[in-house]
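Trainee: I'm passing along model29.cif; it holds mmCIF, C-alpha atoms and all ligand atoms.
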```
data_structure
#
loop_
_atom_site.label_atom_id
_atom_site.label_comp_id
_atom_site.auth_asym_id
_atom_site.auth_seq_id
_atom_site.Cartn_x
_atom_site.Cartn_y
_atom_site.Cartn_z
CA MET A 210 -1.67 4.88 23.31
CA GLU A 211 1.06 2.65 24.67
CA ARG A 212 4.58 4.02 24.83
CA LEU A 213 7.05 2.16 22.65
CA ARG A 214 10.26 1.53 24.61
CA ARG A 215 13.51 0.13 23.36
CA ALA A 216 13.20 -2.65 25.95
CA ASP A 217 9.90 -3.76 24.34
CA LEU A 218 11.48 -4.16 20.92
CA ASP A 219 12.53 -7.54 19.62
CA PRO A 220 16.18 -7.47 18.45
CA ASP A 221 14.95 -9.06 15.20
CA PRO A 222 12.77 -6.66 13.15
CA LEU A 223 10.90 -9.52 11.47
CA ALA A 224 9.85 -10.82 14.90
CA GLN A 225 8.90 -7.27 15.89
CA PHE A 226 6.83 -6.99 12.70
CA ALA A 227 5.14 -10.34 13.40
CA ALA A 228 4.26 -9.20 16.93
CA TRP A 229 2.76 -5.92 15.72
CA PHE A 230 0.92 -7.68 12.89
CA ALA A 231 -0.61 -10.19 15.32
CA ALA A 232 -1.57 -7.33 17.65
CA ALA A 233 -3.26 -5.53 14.73
CA ARG A 234 -5.30 -8.66 13.95
CA ASP A 235 -6.25 -9.10 17.63
CA HIS A 236 -7.26 -5.45 17.75
CA GLY A 237 -9.60 -5.99 14.80
CA VAL A 238 -7.75 -3.74 12.31
CA HIS A 239 -9.48 -4.15 8.93
CA GLU A 240 -7.07 -5.74 6.38
CA PRO A 241 -3.83 -5.23 8.32
CA GLU A 242 -2.06 -6.80 5.31
CA ALA A 243 -2.86 -3.77 3.14
CA MET A 244 0.32 -1.83 2.50
CA THR A 245 1.49 0.99 0.29
CA LEU A 246 4.15 -0.08 -2.20
CA ALA A 247 6.37 2.70 -3.52
CA THR A 248 8.54 2.13 -6.57
CA ALA A 249 10.48 4.42 -8.87
CA ASP A 250 11.00 4.26 -12.62
CA ALA A 251 14.30 4.38 -14.49
CA ALA A 252 14.33 8.19 -14.26
CA GLY A 253 13.76 8.05 -10.50
CA ALA A 254 10.13 9.23 -10.64
CA PRO A 255 8.24 7.63 -7.76
CA SER A 256 4.78 6.07 -7.80
CA ALA A 257 2.82 4.34 -5.04
CA ARG A 258 -0.20 2.09 -4.72
CA MET A 259 -1.74 -0.37 -2.26
CA VAL A 260 -1.01 -4.11 -2.41
CA LEU A 261 -1.66 -6.97 0.00
CA LEU A 262 1.05 -8.69 2.02
CA ARG A 263 0.89 -12.42 1.22
CA GLY A 264 3.84 -13.71 3.23
CA ALA A 265 6.58 -12.52 5.56
CA SER A 266 9.70 -14.55 6.33
CA GLU A 267 13.47 -14.15 6.63
CA ALA A 268 13.48 -14.14 2.81
CA GLY A 269 11.33 -11.01 2.73
CA LEU A 270 7.84 -9.56 2.43
CA GLU A 271 5.76 -10.91 -0.47
CA PHE A 272 3.06 -9.51 -2.67
CA TYR A 273 1.50 -10.74 -5.92
CA THR A 274 0.72 -8.82 -9.05
CA ASN A 275 0.86 -8.61 -12.84
CA TYR A 276 4.37 -8.62 -14.33
CA THR A 277 3.33 -6.20 -17.09
CA SER A 278 1.88 -3.59 -14.70
CA ARG A 279 3.36 -0.19 -14.08
CA LYS A 280 4.86 -1.31 -10.77
CA ALA A 281 6.46 -4.29 -12.53
CA HIS A 282 8.00 -2.03 -15.19
CA ASP A 283 9.37 0.13 -12.38
CA LEU A 284 10.81 -2.91 -10.61
CA ASP A 285 12.36 -4.22 -13.84
CA ALA A 286 14.18 -0.90 -14.23
CA ASN A 287 14.89 -0.27 -10.55
CA PRO A 288 14.48 -3.34 -8.34
CA ARG A 289 14.17 -1.49 -5.04
CA ALA A 290 11.02 -0.50 -3.21
CA ALA A 291 9.51 0.76 0.02
CA LEU A 292 6.43 -0.48 1.88
CA VAL A 293 4.28 1.32 4.43
CA PHE A 294 1.68 -0.15 6.77
CA TYR A 295 -0.59 2.22 8.71
CA TRP A 296 -2.95 0.96 11.38
CA ASP A 297 -4.89 4.03 12.43
CA ASP A 298 -6.76 2.36 15.30
CA MET A 299 -3.43 1.54 16.92
CA GLY A 300 -1.57 4.69 15.97
CA ARG A 301 1.10 2.57 14.32
CA GLN A 302 3.10 2.92 11.14
CA ILE A 303 5.72 0.48 9.84
CA ARG A 304 8.11 1.37 7.03
CA VAL A 305 10.21 -1.22 5.20
CA GLU A 306 12.78 -0.73 2.44
CA GLY A 307 14.97 -2.99 0.38
CA PRO A 308 15.78 -4.73 -2.87
CA VAL A 309 12.99 -6.65 -4.62
CA ALA A 310 13.16 -9.88 -6.63
CA ARG A 311 10.56 -12.06 -8.28
CA VAL A 312 9.25 -15.07 -6.38
CA GLY A 313 10.13 -18.39 -8.09
CA ARG A 314 7.68 -19.69 -10.71
CA GLU A 315 6.72 -22.77 -8.72
CA GLU A 316 6.01 -20.73 -5.60
CA SER A 317 3.92 -18.22 -7.55
CA ALA A 318 2.00 -21.09 -9.19
CA ALA A 319 1.33 -22.68 -5.78
CA TYR A 320 -0.02 -19.40 -4.44
CA PHE A 321 -2.10 -18.88 -7.61
CA ARG A 322 -3.67 -22.34 -7.20
CA SER A 323 -4.70 -21.40 -3.65
CA ARG A 324 -6.77 -18.43 -4.94
CA PRO A 325 -10.52 -18.66 -5.69
CA ARG A 326 -11.43 -19.39 -9.33
CA ASP A 327 -12.79 -15.87 -9.89
CA SER A 328 -9.47 -14.33 -8.82
CA ARG A 329 -7.59 -16.69 -11.15
CA ILE A 330 -9.91 -15.79 -14.04
CA GLY A 331 -9.49 -12.11 -13.19
CA ALA A 332 -5.71 -12.38 -13.34
CA TRP A 333 -5.97 -13.75 -16.91
CA ALA A 334 -8.60 -11.22 -17.98
CA SER A 335 -6.88 -8.04 -16.81
CA ARG A 336 -3.87 -6.64 -18.62
CA GLN A 337 -3.15 -4.57 -15.56
CA SER A 338 -2.29 -0.88 -16.05
CA THR A 339 -3.07 -0.82 -19.79
CA VAL A 340 -5.73 1.52 -21.21
CA ILE A 341 -9.04 -0.17 -22.10
CA PRO A 342 -11.88 1.48 -24.01
CA ASP A 343 -14.66 0.51 -21.61
CA ARG A 344 -15.82 -1.83 -18.84
CA GLU A 345 -17.46 -4.11 -21.43
CA THR A 346 -13.99 -4.93 -22.82
CA LEU A 347 -12.95 -6.22 -19.40
CA GLU A 348 -16.17 -8.18 -18.93
CA ARG A 349 -15.81 -9.72 -22.42
CA ARG A 350 -12.28 -10.84 -21.53
CA VAL A 351 -13.62 -12.45 -18.36
CA ARG A 352 -16.23 -14.38 -20.39
CA GLU A 353 -13.59 -15.44 -22.94
CA THR A 354 -11.29 -16.61 -20.15
CA GLU A 355 -14.09 -18.58 -18.48
CA ALA A 356 -14.80 -20.29 -21.81
CA ARG A 357 -11.10 -21.01 -22.32
CA PHE A 358 -10.80 -22.69 -18.90
CA PRO A 359 -14.20 -24.34 -18.39
CA ASP A 360 -13.20 -26.52 -15.44
CA ASP A 361 -11.46 -25.58 -12.24
CA GLU A 362 -8.00 -25.95 -13.82
CA VAL A 363 -6.90 -22.33 -14.40
CA PRO A 364 -3.10 -22.31 -14.85
CA VAL A 365 -0.94 -19.47 -13.58
CA PRO A 366 -0.40 -16.89 -16.36
CA ASP A 367 3.26 -16.35 -17.19
CA PHE A 368 2.66 -12.60 -16.79
CA TRP A 369 1.55 -12.96 -13.19
CA GLY A 370 3.43 -13.76 -9.97
CA GLY A 371 5.01 -12.61 -6.76
CA TYR A 372 7.70 -10.25 -5.64
CA ARG A 373 9.66 -10.40 -2.43
CA LEU A 374 11.17 -7.36 -0.78
CA ARG A 375 14.25 -8.25 1.29
CA ALA A 376 14.05 -5.81 4.18
CA VAL A 377 17.29 -3.93 4.82
CA ARG A 378 15.68 -1.12 6.76
CA TRP A 379 12.67 -1.09 9.05
CA GLU A 380 11.01 1.61 11.08
CA PHE A 381 8.39 1.16 13.78
CA TRP A 382 6.39 4.28 14.66
CA GLN A 383 4.00 4.64 17.55
CA ALA A 384 1.78 7.71 17.77
CA HIS A 385 1.67 9.88 20.86
CA PRO A 386 -0.09 13.10 21.73
CA PHE A 387 1.62 16.41 20.96
CA ARG A 388 3.65 14.87 18.13
CA LEU A 389 5.98 13.18 20.62
CA HIS A 390 5.82 9.92 18.72
CA ASP A 391 8.19 7.01 19.31
CA ARG A 392 10.24 5.93 16.29
CA PHE A 393 12.79 3.13 16.12
CA ARG A 394 14.83 2.30 13.07
CA TYR A 395 16.54 -1.04 12.43
CA SER A 396 19.48 -1.10 10.04
CA PRO A 397 21.99 -3.88 9.39
CA ALA A 398 24.88 -4.04 11.89
CA PRO A 399 28.31 -4.40 10.24
CA GLY A 400 29.01 -7.78 11.88
CA GLY A 401 25.48 -9.19 11.37
CA GLY A 402 22.30 -8.56 13.33
CA TRP A 403 20.64 -5.17 13.58
CA VAL A 404 21.38 -1.72 14.98
CA VAL A 405 18.29 -0.20 16.61
CA GLU A 406 18.19 3.58 16.88
CA ARG A 407 15.58 5.96 18.20
CA LEU A 408 14.66 8.71 15.72
CA SER A 409 13.27 12.10 16.56
CA PRO A 410 9.60 12.32 15.62
C1 LIG B 1 -6.42 -2.46 -0.38
C2 LIG B 1 -5.89 -2.73 -1.78
C3 LIG B 1 -5.17 -3.89 -2.01
C4 LIG B 1 -4.65 -4.16 -3.29
N1 LIG B 1 -3.90 -5.28 -3.45
C5 LIG B 1 -3.31 -5.50 -4.66
C6 LIG B 1 -2.40 -6.60 -4.83
O1 LIG B 1 -2.13 -7.37 -3.89
N2 LIG B 1 -1.85 -6.77 -6.05
C7 LIG B 1 -2.09 -5.92 -7.10
O2 LIG B 1 -1.56 -6.13 -8.18
N3 LIG B 1 -2.91 -4.85 -6.95
C8 LIG B 1 -3.51 -4.62 -5.77
N4 LIG B 1 -4.34 -3.53 -5.61
C9 LIG B 1 -4.52 -2.60 -6.76
C10 LIG B 1 -3.30 -1.66 -6.83
O3 LIG B 1 -3.42 -0.65 -5.83
C11 LIG B 1 -3.12 -1.00 -8.22
O4 LIG B 1 -4.32 -0.37 -8.63
C12 LIG B 1 -2.73 -2.01 -9.29
O5 LIG B 1 -1.85 -3.01 -8.79
C13 LIG B 1 -2.07 -1.30 -10.48
O6 LIG B 1 -0.94 -0.60 -10.03
P1 LIG B 1 0.22 -0.12 -11.04
O7 LIG B 1 -0.46 0.45 -12.27
O8 LIG B 1 1.01 0.92 -10.29
O9 LIG B 1 1.05 -1.33 -11.36
C14 LIG B 1 -4.88 -3.24 -4.35
C15 LIG B 1 -5.62 -2.07 -4.11
C16 LIG B 1 -6.12 -1.82 -2.85
C17 LIG B 1 -6.90 -0.55 -2.60
#
```
Go ahead and render the structure in this file as structure tokens.
Ligand SMILES: Cc1cc2nc3c(=O)[nH]c(=O)nc-3n(C[C@H](O)[C@H](O)[C@H](O)COP(=O)(O)O)c2cc1C

Mentor:
Amino acid sequence: MERLRRADLDPDPLAQFAAWFAAARDHGVHEPEAMTLATADAAGAPSARMVLLRGASEAGLEFYTNYTSRKAHDLDANPRAALVFYWDDMGRQIRVEGPVARVGREESAAYFRSRPRDSRIGAWASRQSTVIPDRETLERRVRETEARFPDDEVPVPDFWGGYRLRAVRWEFWQAHPFRLHDRFRYSPAPGGGWVVERLSP
């Protein structure tokens, strides 16, 4: 495994993330966009699940989901979250933390329109995170939704859309033998820009 040195790090964590993400793709990592999203409810109880990264810019890291899901209830009550990427083949972990806000309606609609028809039907058919009696219930809802929107025009449901996490803390972790891993944390510098600190593994 390559050593991670301070001199190799981009002063901008988003650029550092983009470089590692591109390297993961080049390396053939399967679904490098898969990330763990951790939220906490109003009482502070955490929960975590996988979601897919659908955009990364100065504005933040984006994912799309159902606004009535458990994660959405958590984010309504406590709009802060943490993300973790782990690319085993490269021995790399990236942690990101920050406040979360909904993506604008128009932007969510534009992303929704870019999805295949089956995904758009699925978004309508699934009341994510609610209890259903059986698989047939889900399949019936899919058939009903297909009948409701017979042509390609499947509008974005108002209960579906994106979230954007504005990164205020990043950590880049590179595995090494004997647990002597390299870790660098970026946190906001008081006058703007980022402070980069090495953390003990
Ligand atoms: C690799 C992977 C990617 C996933 N991507 C998404 C996603 O982008 N959006 C989403 O809502 N659920 C996604 N899921 C499903 C979630 O992990 C989860 O089951 C679902 O969102 C309900 O979570 P909740 O009840 O905590 O809200 C993904 C699951 C896996 C394994």

Trainee: With a distance cut-off of 6 Å and all atoms listed in the file, select the neighbouring residues of Pro288 (chain A), excluding the residue or stretch itself and same-chain residues fewer than 3 positions from it, and output the selection as a list of chain:residue names.

Mentor: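 The contact residues come out as A:Leu284, A:Asp285, A:Pro308, A:Val309.
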
Trainee: Just how far from CA of Phe368 (chain A) is atom N4 of ligand LIG 1 (chain B), in Å to one decimal?

Mentor: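 Interatomic distance here is 16.0 Å.
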
Trainee: Restrict the calculation to all atoms listed in the file, then for each residue of chain A with any atom at most 7 Å from an atom of ligand LIG 1 (chain B) give the closest atom pair and their distance in Å to one decimal, rows by chain and rising residue number, as a tab-separated table.

Mentor:
```
residue	atom	partner	partner_atom	distance
A:Ala243	CA	B:LIG1	C1	5.2
A:Ser256	CA	B:LIG1	O8	6.9
A:Ala257	CA	B:LIG1	O8	6.5
A:Arg258	CA	B:LIG1	O3	4.4
A:Met259	CA	B:LIG1	O3	4.0
A:Val260	CA	B:LIG1	N1	3.3
A:Leu261	CA	B:LIG1	O1	3.9
A:Leu262	CA	B:LIG1	O1	6.8
A:Phe272	CA	B:LIG1	O1	5.7
A:Tyr273	CA	B:LIG1	N2	5.2
A:Thr274	CA	B:LIG1	O2	3.6
A:Asn275	CA	B:LIG1	O2	5.8
A:Ser278	CA	B:LIG1	O9	4.1
A:Arg279	CA	B:LIG1	O9	3.7
A:Lys280	CA	B:LIG1	O9	3.9
A:Ala281	CA	B:LIG1	O9	6.3
A:Gln337	CA	B:LIG1	C13	6.1
A:Ser338	CA	B:LIG1	O7	4.4
```

Trainee: Pull C-alpha atoms from the residues just selected and write them as an mmCIF file, keeping the file's coordinate frame.

Mentor:
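Output saved as again36.cif:
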```cif
data_model
loop_
_atom_site.group_PDB
_atom_site.id
_atom_site.type_symbol
_atom_site.label_atom_id
_atom_site.label_comp_id
_atom_site.auth_asym_id
_atom_site.auth_seq_id
_atom_site.Cartn_x
_atom_site.Cartn_y
_atom_site.Cartn_z
ATOM 1 C CA ALA A 243 -2.860 -3.770 3.140
ATOM 2 C CA SER A 256 4.780 6.070 -7.800
ATOM 3 C CA ALA A 257 2.820 4.340 -5.040
ATOM 4 C CA ARG A 258 -0.200 2.090 -4.720
ATOM 5 C CA MET A 259 -1.740 -0.370 -2.260
ATOM 6 C CA VAL A 260 -1.010 -4.110 -2.410
ATOM 7 C CA LEU A 261 -1.660 -6.970 0.000
ATOM 8 C CA LEU A 262 1.050 -8.690 2.020
ATOM 9 C CA PHE A 272 3.060 -9.510 -2.670
ATOM 10 C CA TYR A 273 1.500 -10.740 -5.920
ATOM 11 C CA THR A 274 0.720 -8.820 -9.050
ATOM 12 C CA ASN A 275 0.860 -8.610 -12.840
ATOM 13 C CA SER A 278 1.880 -3.590 -14.700
ATOM 14 C CA ARG A 279 3.360 -0.190 -14.080
ATOM 15 C CA LYS A 280 4.860 -1.310 -10.770
ATOM 16 C CA ALA A 281 6.460 -4.290 -12.530
ATOM 17 C CA GLN A 337 -3.150 -4.570 -15.560
ATOM 18 C CA SER A 338 -2.290 -0.880 -16.050
#
```

Trainee: Go ahead and compute the interatomic distance for CA of Glu211 (chain A) and CA of His239 (chain A), in Å to one decimal.

Mentor: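 If I compute the distance from CA of Glu211 (chain A) to CA of His239 (chain A), I get 20.1 Å.
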
Trainee: List the spatial neighbours of Arg263 (chain A) as a list in words - criterion: any atom at most 12 Å away, all atoms listed in the file, same-chain residues fewer than 5 positions off excluded.

Mentor: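 Close residues of Arg263 (chain A): Glu240, Pro241, Glu242, Ala243, Met244, Gly269, Leu270, Glu271, Phe272, Tyr273, Thr274, Val312, Glu316, Ser317, Tyr320, Phe321, Ser323, Arg324, Gly370, Gly371, Tyr372, Arg373 and Leu374 of chain A.
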
Trainee: Can you write out the residues you just picked, keeping C-alpha atoms, as a short mmCIF file (atom, residue, chain, number, x, y, z; two decimals), keeping the file's coordinate frame?

Mentor:
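Just written: selection20.cif:
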```cif
data_model
loop_
_atom_site.label_atom_id
_atom_site.label_comp_id
_atom_site.auth_asym_id
_atom_site.auth_seq_id
_atom_site.Cartn_x
_atom_site.Cartn_y
_atom_site.Cartn_z
CA GLU A 240 -7.07 -5.74 6.38
CA PRO A 241 -3.83 -5.23 8.32
CA GLU A 242 -2.06 -6.80 5.31
CA ALA A 243 -2.86 -3.77 3.14
CA MET A 244 0.32 -1.83 2.50
CA GLY A 269 11.33 -11.01 2.73
CA LEU A 270 7.84 -9.56 2.43
CA GLU A 271 5.76 -10.91 -0.47
CA PHE A 272 3.06 -9.51 -2.67
CA TYR A 273 1.50 -10.74 -5.92
CA THR A 274 0.72 -8.82 -9.05
CA VAL A 312 9.25 -15.07 -6.38
CA GLU A 316 6.01 -20.73 -5.60
CA SER A 317 3.92 -18.22 -7.55
CA TYR A 320 -0.02 -19.40 -4.44
CA PHE A 321 -2.10 -18.88 -7.61
CA SER A 323 -4.70 -21.40 -3.65
CA ARG A 324 -6.77 -18.43 -4.94
CA GLY A 370 3.43 -13.76 -9.97
CA GLY A 371 5.01 -12.61 -6.76
CA TYR A 372 7.70 -10.25 -5.64
CA ARG A 373 9.66 -10.40 -2.43
CA LEU A 374 11.17 -7.36 -0.78
#
```

Trainee: Mind giving me the straight-line distance from CA of Ala398 (chain A) to CA of Val377 (chain A) in Å, one decimal?

Mentor: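 So the two atoms, CA of Ala398 (chain A) and CA of Val377 (chain A), lie 10.4 Å apart.
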
Trainee: Find the residue from A:Ser328, A:Ser266, A:Gln225, A:Gln302 that sits nearest to Trp369 (chain A); use only C-alpha atoms when measuring.

Mentor: A:Ser328

Trainee: Please identify all polymer residues lying at most 9 Å from the point (-4.9, -1.2, 10.1) (file coordinates), using only C-alpha atoms, and present the result as a list in words.

Mentor: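 These residues have at least one counted atom within 9 Å: Ala233, Arg234, Gly237, Val238, His239, Glu240, Pro241, Glu242, Ala243, Phe294, Tyr295, Trp296, Asp297, Asp298, Met299, Gly300 and Arg301 of chain A.
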
Trainee: Determine the axis-aligned bounding box of all atoms of region 357-373 of chain A present in the file, pad each side by 3 Å, and express its centre and edge lengths in Å to one decimal place as lines of an AutoDock Vina configuration file.

Mentor:
```
center_x = -2.3
center_y = -18.4
center_z = -12.4
size_x = 29.9
size_y = 22.3
size_z = 25.9
```

Trainee: Name the closest residue to Arg311 (chain A) among the candidates A:Leu292, A:Ala334, A:Ala247, A:Ala268; distances are taken between atoms, counting only C-alpha atoms.

Mentor: A:Ala268

Trainee: Quick one: of A:Pro397, A:Pro359, A:Gly264, A:Pro366, who's nearest to Phe230 (chain A), counting only C-alpha atoms?

Mentor: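 Using only C-alpha atoms, the shortest distance to Phe230 (chain A) belongs to A:Gly264.
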
Trainee: Have a look at A:Arg350, A:Tyr395, A:Asp217, A:Ala384 and name the one nearest to Pro410 (chain A); count all atoms listed in the file.

Mentor: A:Ala384

Trainee: Would you please work out which residue, of A:Asp327, A:Asp250, A:Arg378, A:Ala356, is nearest to Val404 (chain A) when using all atoms listed in the file?

Mentor: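 The shortest atom-to-atom distance to Val404 (chain A) comes from A:Arg378.
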